[in-house]
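Coordinates as given in entry.cif (mmCIF, C-alpha atoms):
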data_my_file
#
loop_
_atom_site.group_PDB
_atom_site.id
_atom_site.type_symbol
_atom_site.label_atom_id
_atom_site.label_comp_id
_atom_site.auth_asym_id
_atom_site.auth_seq_id
_atom_site.Cartn_x
_atom_site.Cartn_y
_atom_site.Cartn_z
ATOM 1 C CA MET S 20 17.870 9.227 25.104
ATOM 2 C CA LYS S 21 17.591 8.761 21.336
ATOM 3 C CA ILE S 22 16.512 5.230 20.409
ATOM 4 C CA LEU S 23 15.973 3.485 17.076
ATOM 5 C CA LEU S 24 13.796 0.389 16.725
ATOM 6 C CA ILE S 25 14.476 -1.829 13.707
ATOM 7 C CA VAL S 26 11.410 -4.004 13.033
ATOM 8 C CA ALA S 27 12.491 -7.191 11.252
ATOM 9 C CA SER S 28 9.842 -9.575 12.544
ATOM 10 C CA GLY S 29 8.142 -10.591 9.295
ATOM 11 C CA LYS S 30 8.053 -14.055 7.775
ATOM 12 C CA SER S 31 9.855 -12.961 4.539
ATOM 13 C CA SER S 32 7.481 -15.120 2.503
ATOM 14 C CA ARG S 33 8.292 -13.340 -0.761
ATOM 15 C CA PHE S 34 11.977 -13.821 0.012
ATOM 16 C CA GLY S 35 11.765 -17.571 0.321
ATOM 17 C CA GLY S 36 11.521 -17.494 4.124
ATOM 18 C CA PHE S 37 15.092 -16.340 4.818
ATOM 19 C CA PRO S 38 15.031 -13.326 7.192
ATOM 20 C CA LYS S 39 15.761 -10.332 4.977
ATOM 21 C CA ALA S 40 17.517 -8.336 7.677
ATOM 22 C CA PHE S 41 20.247 -10.959 7.890
ATOM 23 C CA CYS S 42 21.270 -11.028 4.233
ATOM 24 C CA ARG S 43 24.844 -10.067 3.535
ATOM 25 C CA ILE S 44 25.666 -6.938 1.550
ATOM 26 C CA GLY S 45 29.375 -6.601 0.963
ATOM 27 C CA ASN S 46 31.381 -7.732 3.970
ATOM 28 C CA THR S 47 28.667 -7.449 6.581
ATOM 29 C CA CYS S 48 25.152 -8.474 7.460
ATOM 30 C CA HIS S 49 22.891 -5.716 6.201
ATOM 31 C CA VAL S 50 21.101 -5.106 9.521
ATOM 32 C CA ALA S 51 24.491 -4.828 11.248
ATOM 33 C CA ASN S 52 25.353 -2.146 8.696
ATOM 34 C CA THR S 53 22.113 -0.306 9.564
ATOM 35 C CA ILE S 54 22.987 -0.488 13.255
ATOM 36 C CA GLN S 55 26.457 0.963 12.692
ATOM 37 C CA HIS S 56 25.025 3.894 10.726
ATOM 38 C CA ALA S 57 22.325 4.419 13.352
ATOM 39 C CA LEU S 58 24.751 4.499 16.270
ATOM 40 C CA LYS S 59 26.327 7.608 14.804
ATOM 41 C CA VAL S 60 23.026 9.336 15.605
ATOM 42 C CA TYR S 61 21.219 7.255 18.260
ATOM 43 C CA ASP S 62 22.238 6.234 21.774
ATOM 44 C CA LYS S 63 20.699 2.777 21.541
ATOM 45 C CA VAL S 64 19.244 0.412 18.942
ATOM 46 C CA TYR S 65 16.622 -2.276 19.428
ATOM 47 C CA LEU S 66 16.262 -5.025 16.834
ATOM 48 C CA ALA S 67 12.893 -6.808 16.829
ATOM 49 C CA VAL S 68 12.623 -10.221 15.164
ATOM 50 C CA ASN S 69 10.147 -13.082 15.199
ATOM 51 C CA ASN S 70 10.505 -15.967 17.612
ATOM 52 C CA GLU S 71 12.050 -18.336 15.066
ATOM 53 C CA THR S 72 14.650 -15.799 13.904
ATOM 54 C CA TYR S 73 15.545 -14.985 17.503
ATOM 55 C CA ASP S 74 16.422 -18.613 18.208
ATOM 56 C CA SER S 75 18.824 -18.641 15.245
ATOM 57 C CA TYR S 76 20.402 -15.174 15.453
ATOM 58 C CA LYS S 77 20.139 -13.970 19.070
ATOM 59 C CA ASP S 78 23.919 -14.013 19.648
ATOM 60 C CA LEU S 79 25.124 -12.936 16.207
ATOM 61 C CA ILE S 80 24.334 -9.219 15.967
ATOM 62 C CA PRO S 81 26.423 -6.914 18.208
ATOM 63 C CA ASP S 82 25.712 -3.360 19.391
ATOM 64 C CA CYS S 83 21.951 -3.762 19.725
ATOM 65 C CA THR S 84 19.321 -5.164 22.074
ATOM 66 C CA MET S 85 17.347 -7.897 20.336
ATOM 67 C CA ILE S 86 13.717 -8.528 21.269
ATOM 68 C CA HIS S 87 11.300 -11.035 19.765
ATOM 69 C CA ILE S 88 7.579 -11.329 19.088
ATOM 70 C CA ASN S 89 5.106 -13.580 17.332
ATOM 71 C CA THR S 90 4.799 -11.897 13.922
ATOM 72 C CA GLY S 91 1.822 -9.561 13.949
ATOM 73 C CA GLN S 92 -1.136 -9.442 11.624
ATOM 74 C CA GLY S 93 0.451 -6.798 9.433
ATOM 75 C CA ASP S 94 3.437 -4.499 9.936
ATOM 76 C CA ALA S 95 1.584 -2.023 12.184
ATOM 77 C CA HIS S 96 0.460 -4.867 14.452
ATOM 78 C CA SER S 97 4.064 -6.088 14.751
ATOM 79 C CA LEU S 98 5.182 -2.528 15.481
ATOM 80 C CA LEU S 99 2.577 -2.165 18.235
ATOM 81 C CA LYS S 100 3.750 -5.387 19.881
ATOM 82 C CA CYS S 101 7.347 -4.124 19.801
ATOM 83 C CA LEU S 102 6.462 -0.715 21.203
ATOM 84 C CA LYS S 103 4.654 -2.295 24.149
ATOM 85 C CA ILE S 104 7.779 -4.295 24.996
ATOM 86 C CA ILE S 105 10.094 -1.290 24.726
ATOM 87 C CA LYS S 106 7.675 0.836 26.725
ATOM 88 C CA GLU S 107 8.217 -1.539 29.637
ATOM 89 C CA LEU S 108 11.986 -1.613 29.173
ATOM 90 C CA GLU S 109 12.423 2.144 28.659
ATOM 91 C CA LYS S 110 9.852 3.670 31.003
ATOM 92 C CA GLU S 111 11.142 7.239 30.599
ATOM 93 C CA LEU S 112 11.285 7.144 26.801
ATOM 94 C CA LYS S 113 9.237 9.931 25.191
ATOM 95 C CA GLU S 114 9.776 9.256 21.493
ATOM 96 C CA ILE S 115 11.251 6.566 19.282
ATOM 97 C CA SER S 116 12.458 6.289 15.705
ATOM 98 C CA VAL S 117 11.440 3.186 13.759
ATOM 99 C CA CYS S 118 12.698 1.640 10.538
ATOM 100 C CA TRP S 119 11.950 -1.603 8.730
ATOM 101 C CA GLY S 120 14.458 -4.443 8.695
ATOM 102 C CA ASP S 121 14.501 -4.610 4.900
ATOM 103 C CA ALA S 122 15.535 -0.955 4.572
ATOM 104 C CA VAL S 123 19.109 -0.578 3.323
ATOM 105 C CA PHE S 124 20.662 2.699 4.482
ATOM 106 C CA VAL S 125 23.557 4.172 2.526
ATOM 107 C CA ASP S 126 24.749 6.218 5.524
ATOM 108 C CA GLU S 127 23.481 7.867 8.712
ATOM 109 C CA LYS S 128 21.982 10.939 6.989
ATOM 110 C CA PRO S 129 18.367 9.694 6.865
ATOM 111 C CA PHE S 130 18.419 9.287 10.645
ATOM 112 C CA SER S 131 19.992 12.656 11.381
ATOM 113 C CA GLN S 132 17.798 14.463 8.854
ATOM 114 C CA LEU S 133 14.629 12.950 10.332
ATOM 115 C CA LEU S 134 15.585 14.114 13.823
ATOM 116 C CA GLU S 135 16.430 17.572 12.487
ATOM 117 C CA GLN S 136 12.979 17.803 10.883
ATOM 118 C CA ARG S 137 11.254 16.656 14.080
ATOM 119 C CA ARG S 138 10.846 20.150 15.559
ATOM 120 C CA ARG S 139 9.501 21.648 12.349
ATOM 121 C CA ALA S 140 6.937 18.889 11.833
ATOM 122 C CA ASP S 141 5.225 19.475 15.197
ATOM 123 C CA SER S 142 3.346 16.143 15.167
ATOM 124 C CA PRO S 143 3.464 12.966 17.273
ATOM 125 C CA VAL S 144 3.992 10.978 14.050
ATOM 126 C CA VAL S 145 6.607 12.063 11.501
ATOM 127 C CA ILE S 146 7.341 10.121 8.300
ATOM 128 C CA ALA S 147 10.667 10.483 6.498
ATOM 129 C CA CYS S 148 9.841 10.918 2.799
ATOM 130 C CA ALA S 149 11.455 11.783 -0.503
ATOM 131 C CA MET S 150 10.068 12.646 -3.926
ATOM 132 C CA ASP S 151 11.015 9.425 -5.742
ATOM 133 C CA GLN S 152 10.576 8.190 -9.290
ATOM 134 C CA LYS S 153 8.141 5.281 -9.802
ATOM 135 C CA PRO S 154 7.586 4.590 -6.082
ATOM 136 C CA TYR S 155 5.901 1.367 -4.932
ATOM 137 C CA ALA S 156 3.756 3.537 -2.621
ATOM 138 C CA TRP S 157 3.097 7.247 -2.316
ATOM 139 C CA PHE S 158 1.132 9.700 -0.188
ATOM 140 C CA GLU S 159 -1.561 12.234 -0.904
ATOM 141 C CA VAL S 160 -1.100 15.050 1.621
ATOM 142 C CA SER S 161 -3.034 18.026 2.967
ATOM 143 C CA ASP S 162 -1.909 21.650 2.767
ATOM 144 C CA ASP S 163 -0.226 21.290 6.163
ATOM 145 C CA MET S 164 1.627 18.127 4.979
ATOM 146 C CA CYS S 165 -0.479 15.573 6.832
ATOM 147 C CA VAL S 166 -1.020 12.221 5.144
ATOM 148 C CA LYS S 167 -4.561 11.984 3.761
ATOM 149 C CA LYS S 168 -4.245 8.794 1.741
ATOM 150 C CA ALA S 169 -1.699 6.094 0.924
ATOM 151 C CA HIS S 170 -1.541 4.777 -2.638
ATOM 152 C CA PHE S 171 0.068 1.522 -3.789
ATOM 153 C CA ALA S 172 1.386 0.731 -7.254
ATOM 154 C CA ARG S 173 0.254 -2.891 -7.044
ATOM 155 C CA GLU S 174 -3.342 -1.704 -6.676
ATOM 156 C CA GLU S 175 -3.437 1.486 -8.746
ATOM 157 C CA GLY S 176 -0.554 1.146 -11.185
ATOM 158 C CA MET S 177 2.774 2.945 -11.282
ATOM 159 C CA VAL S 178 3.102 6.738 -11.233
ATOM 160 C CA GLU S 179 6.055 8.719 -12.563
ATOM 161 C CA SER S 180 6.872 10.288 -9.194
ATOM 162 C CA GLY S 181 5.397 10.626 -5.762
ATOM 163 C CA ILE S 182 5.938 11.385 -2.078
ATOM 164 C CA HIS S 183 7.462 8.081 -1.010
ATOM 165 C CA ASP S 184 8.111 6.982 2.565
ATOM 166 C CA GLN S 185 11.723 6.012 3.250
ATOM 167 C CA SER S 186 10.888 3.147 5.659
ATOM 168 C CA LEU S 187 11.757 5.475 8.530
ATOM 169 C CA PHE S 188 9.377 7.025 11.077
ATOM 170 C CA LEU S 189 9.397 8.974 14.338
ATOM 171 C CA PHE S 190 6.705 8.464 16.994
ATOM 172 C CA ASP S 191 5.718 9.950 20.294
ATOM 173 C CA MET S 192 5.774 6.738 22.324
ATOM 174 C CA GLU S 193 2.531 7.151 24.289
ATOM 175 C CA PHE S 194 0.645 8.439 21.280
ATOM 176 C CA ALA S 195 1.816 5.604 19.026
ATOM 177 C CA VAL S 196 0.719 2.908 21.466
ATOM 178 C CA THR S 197 -2.630 4.658 21.977
ATOM 179 C CA TYR S 198 -3.564 5.234 18.342
ATOM 180 C CA LEU S 199 -2.278 1.896 17.076
ATOM 181 C CA SER S 200 -4.239 0.132 19.827
ATOM 182 C CA GLU S 201 -7.373 2.021 18.754
ATOM 183 C CA TYR S 202 -6.701 1.148 15.108
ATOM 184 C CA GLN S 203 -6.253 -2.499 16.065
ATOM 185 C CA LYS S 204 -9.656 -2.489 17.763
ATOM 186 C CA GLU S 205 -11.221 -0.762 14.760
ATOM 187 C CA LEU S 206 -9.982 -3.609 12.523
ATOM 188 C CA GLY S 207 -10.992 -6.323 14.989
ATOM 189 C CA ILE S 208 -7.504 -7.812 15.164
ATOM 190 C CA PRO S 209 -6.736 -9.848 18.316
ATOM 191 C CA ASP S 210 -3.617 -9.246 20.401
ATOM 192 C CA GLU S 211 -2.463 -12.830 19.962
ATOM 193 C CA ASN S 212 -3.060 -13.435 16.285
ATOM 194 C CA HIS S 213 -2.695 -16.747 14.505
ATOM 195 C CA THR S 214 0.321 -17.377 12.278
ATOM 196 C CA VAL S 215 -1.968 -17.699 9.230
ATOM 197 C CA TYR S 216 -4.420 -14.856 8.674
ATOM 198 C CA ASP S 217 -6.454 -13.137 5.990
ATOM 199 C CA GLU S 218 -4.313 -10.490 4.242
ATOM 200 C CA LYS S 219 -7.427 -8.345 3.780
ATOM 201 C CA ARG S 220 -7.465 -7.839 7.543
ATOM 202 C CA GLU S 221 -3.837 -6.829 7.876
ATOM 203 C CA MET S 222 -3.027 -3.898 10.120
ATOM 204 C CA LYS S 223 -0.823 -1.822 7.803
ATOM 205 C CA LEU S 224 1.163 1.164 9.004
ATOM 206 C CA LEU S 225 0.638 3.310 5.903
ATOM 207 C CA TYR S 226 -3.122 2.821 6.176
ATOM 208 C CA SER S 227 -2.940 3.732 9.868
ATOM 209 C CA PHE S 228 -1.938 7.228 8.769
ATOM 210 C CA GLU S 229 -5.214 7.468 6.825
ATOM 211 C CA TYR S 230 -6.988 6.416 10.029
ATOM 212 C CA LEU S 231 -5.285 9.263 11.917
ATOM 213 C CA TYR S 232 -6.425 11.793 9.322
ATOM 214 C CA SER S 233 -10.003 10.531 9.440
ATOM 215 C CA GLU S 234 -10.209 10.761 13.241
ATOM 216 C CA SER S 235 -10.581 14.387 14.331
ATOM 217 C CA ARG S 236 -9.561 13.485 17.900
ATOM 218 C CA PHE S 237 -6.073 12.585 16.660
ATOM 219 C CA PRO S 238 -3.480 14.855 15.017
ATOM 220 C CA GLY S 239 -2.411 13.783 11.551
ATOM 221 C CA ALA S 240 0.856 12.111 10.608
ATOM 222 C CA LYS S 241 3.160 14.647 8.965
ATOM 223 C CA ILE S 242 5.775 14.062 6.313
ATOM 224 C CA ALA S 243 9.341 15.365 6.562
ATOM 225 C CA PHE S 244 11.437 15.474 3.410
ATOM 226 C CA ILE S 245 14.912 13.972 3.580
ATOM 227 C CA GLU S 246 17.533 13.448 0.911
ATOM 228 C CA SER S 247 16.507 11.000 -1.815
ATOM 229 C CA GLY S 248 18.638 8.002 -2.814
ATOM 230 C CA LYS S 249 19.788 7.218 0.726
ATOM 231 C CA VAL S 250 17.397 4.345 1.492
ATOM 232 C CA PHE S 251 16.589 1.221 -0.524
ATOM 233 C CA SER S 252 14.237 -1.650 0.268
ATOM 234 C CA PHE S 253 13.614 -5.112 -1.123
ATOM 235 C CA ASN S 254 11.108 -7.969 -1.039
ATOM 236 C CA THR S 255 12.729 -10.431 -3.416
ATOM 237 C CA GLN S 256 16.221 -11.747 -4.102
ATOM 238 C CA GLU S 257 16.140 -9.984 -7.479
ATOM 239 C CA GLU S 258 15.470 -6.633 -5.805
ATOM 240 C CA LEU S 259 18.307 -7.219 -3.345
ATOM 241 C CA SER S 260 20.646 -8.052 -6.226
ATOM 242 C CA GLU S 261 19.701 -4.743 -7.871
ATOM 243 C CA ILE S 262 20.545 -2.873 -4.663
ATOM 244 C CA LYS S 263 23.878 -4.665 -4.439
ATOM 245 C CA ASN S 264 24.670 -3.706 -8.025
ATOM 246 C CA ILE S 265 23.984 -0.057 -7.179
ATOM 247 C CA LEU S 266 25.922 0.042 -3.919
ATOM 248 C CA LEU S 267 28.590 -2.575 -4.551
ATOM 249 C CA PRO S 268 28.822 -3.456 -8.237
ATOM 250 C CA SER S 269 31.415 -6.170 -7.607
ATOM 251 C CA THR S 270 29.446 -7.910 -4.821
ATOM 252 C CA GLU S 271 28.878 -11.621 -5.229
ATOM 253 C CA GLU S 272 25.576 -13.454 -4.889
ATOM 254 C CA ILE S 273 23.329 -13.236 -1.816
ATOM 255 C CA GLU S 274 24.662 -14.825 1.356
ATOM 256 C CA GLY S 275 23.389 -14.916 4.885
ATOM 257 C CA CYS S 276 25.157 -13.685 8.009
#
Reformat the file's structure so that it appears as structure tokens.
Amino acid sequence: MKILLIVASGKSSRFGGFPKAFCRIGNTCHVANTIQHALKVYDKVYLAVNNETYDSYKDLIPDCTMIHINTGQGDAHSLLKCLKIIKELEKELKEISVCWGDAVFVDEKPFSQLLEQRRRADSPVVIACAMDQKPYAWFEVSDDMCVKKAHFAREEGMVESGIHDQSLFLFDMEFAVTYLSEYQKELGIPDENHTVYDEKREMKLLYSFEYLYSESRFPGAKIAFIESGKVFSFNTQEELSEIKNILLPSTEEIEGC
């Protein structure tokens, strides 16, 4: 069975607290649009949200199974919590695709292209990437296309182009739970974290790929190139408005589902 997990469990603090996955783009809620594209490729979609969002939206999004967690201490911590839940629900599941809830997909091609690249990558962690202009983050890779280091524009300044993740990943289920659990222990992050935490101790997925490369007992995370311009992401209302102008120039102001 091919399954996609959409992780939309953050607090959306830079977005004013409104859950980004539930913003409206055009005539539909943007996460519902992601689900419809995904179901052209996947057999089932899970949507993971935080406890507060679940209470408000649990009956509003069709064609998916919604689960909920207490927001983790960083995106990789939230992902680990979600994977543990799905592992119990889907006991025979060998691998799972994952995307972020603020990723806006133009069509189903990123999903199908990632799965097509899966066999060539030959790794338990595959990252859908594109060579993008002025990316917010980019990877330094080894000769065999494993991620060595993740760079961030907010820390190092903008670059003209770079290998940019497309907010879409493919994991061997057992391996992901194992290595993320080890990474969690390495950072000293508790299973049941507090709502307020020190950002310097966040468990970040892109940095977890550096951890994999540094640990010889683990295989590295490999990149797989997919078509550029098919995935957008946003953290602020201004960035969402820019995406709307690209995809739907006549779209009105931001609305919720």
TODO: Find the residues around Glu159 of chain S up to 8 Å (all atoms listed in the file counted), leave out those fewer than 2 positions away in its own chain, and share them as JSON, numbers by chain.
DONE: {"S": [157, 161, 166, 167, 168, 169, 170, 182]}
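Proximity ranking of S:Glu193, S:Asp126, S:Asp141, S:Glu205 relative to Glu111 of chain S places S:Glu193 first, based on all atoms listed in the file.
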Open item on the list: Need to verify the contact set: segment 65-75 of chain S, 8 Å, all atoms listed in the file, exclusion of same-chain residues closer than 5 positions in sequence. Can you return it as a PyMOL selection string?
Closed with: chain S and resi 22-30+38+83-90+101
Open item on the list: as a PyMOL selection string, please: the residues near Glu135 of chain S (cut-off 12 Å, only C-alpha atoms, same-chain neighbours under 2 positions excluded).
Closed with: chain S and resi 60+128-133+137-141+145+147+189+243-245
Open item on the list: From the options S:Glu201, S:Thr255, S:Ser260, S:Gln152, which residue's atoms come nearest to Arg236 of chain S, counting all atoms listed in the file?
Closed with: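 Smallest distance to Arg236 of chain S is found for S:Glu201.
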- [ ] Please identify all polymer residues within 10 Å of Val125 of chain S, counting all atoms listed in the file, omitting same-chain residues fewer than 4 positions from it, and present them as a list in words.
- [x]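 Listing them by chain and then by number gives Asn52, Thr53, His56, Pro129, Gly248, Lys249, Val250, Phe251 and Leu266 of chain S.
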Task: Residue IDs satisfying the PyMOL selection byres ((chain S and resi 207) around 12), as a list in words - done: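 That expression, the PyMOL selection byres ((chain S and resi 207) around 12), corresponds here to Gln92, His96, Ser200, Glu201, Tyr202, Gln203, Lys204, Glu205, Leu206, Ile208, Pro209, Asp210, Glu211, Asn212, Lys219, Arg220, Glu221 and Met222 of chain S.
If all atoms listed in the file are the atoms counted, then among S:Ile265, S:Leu187, S:Ala156, S:Met177 the closest residue to Ile44 of chain S is S:Ile265.
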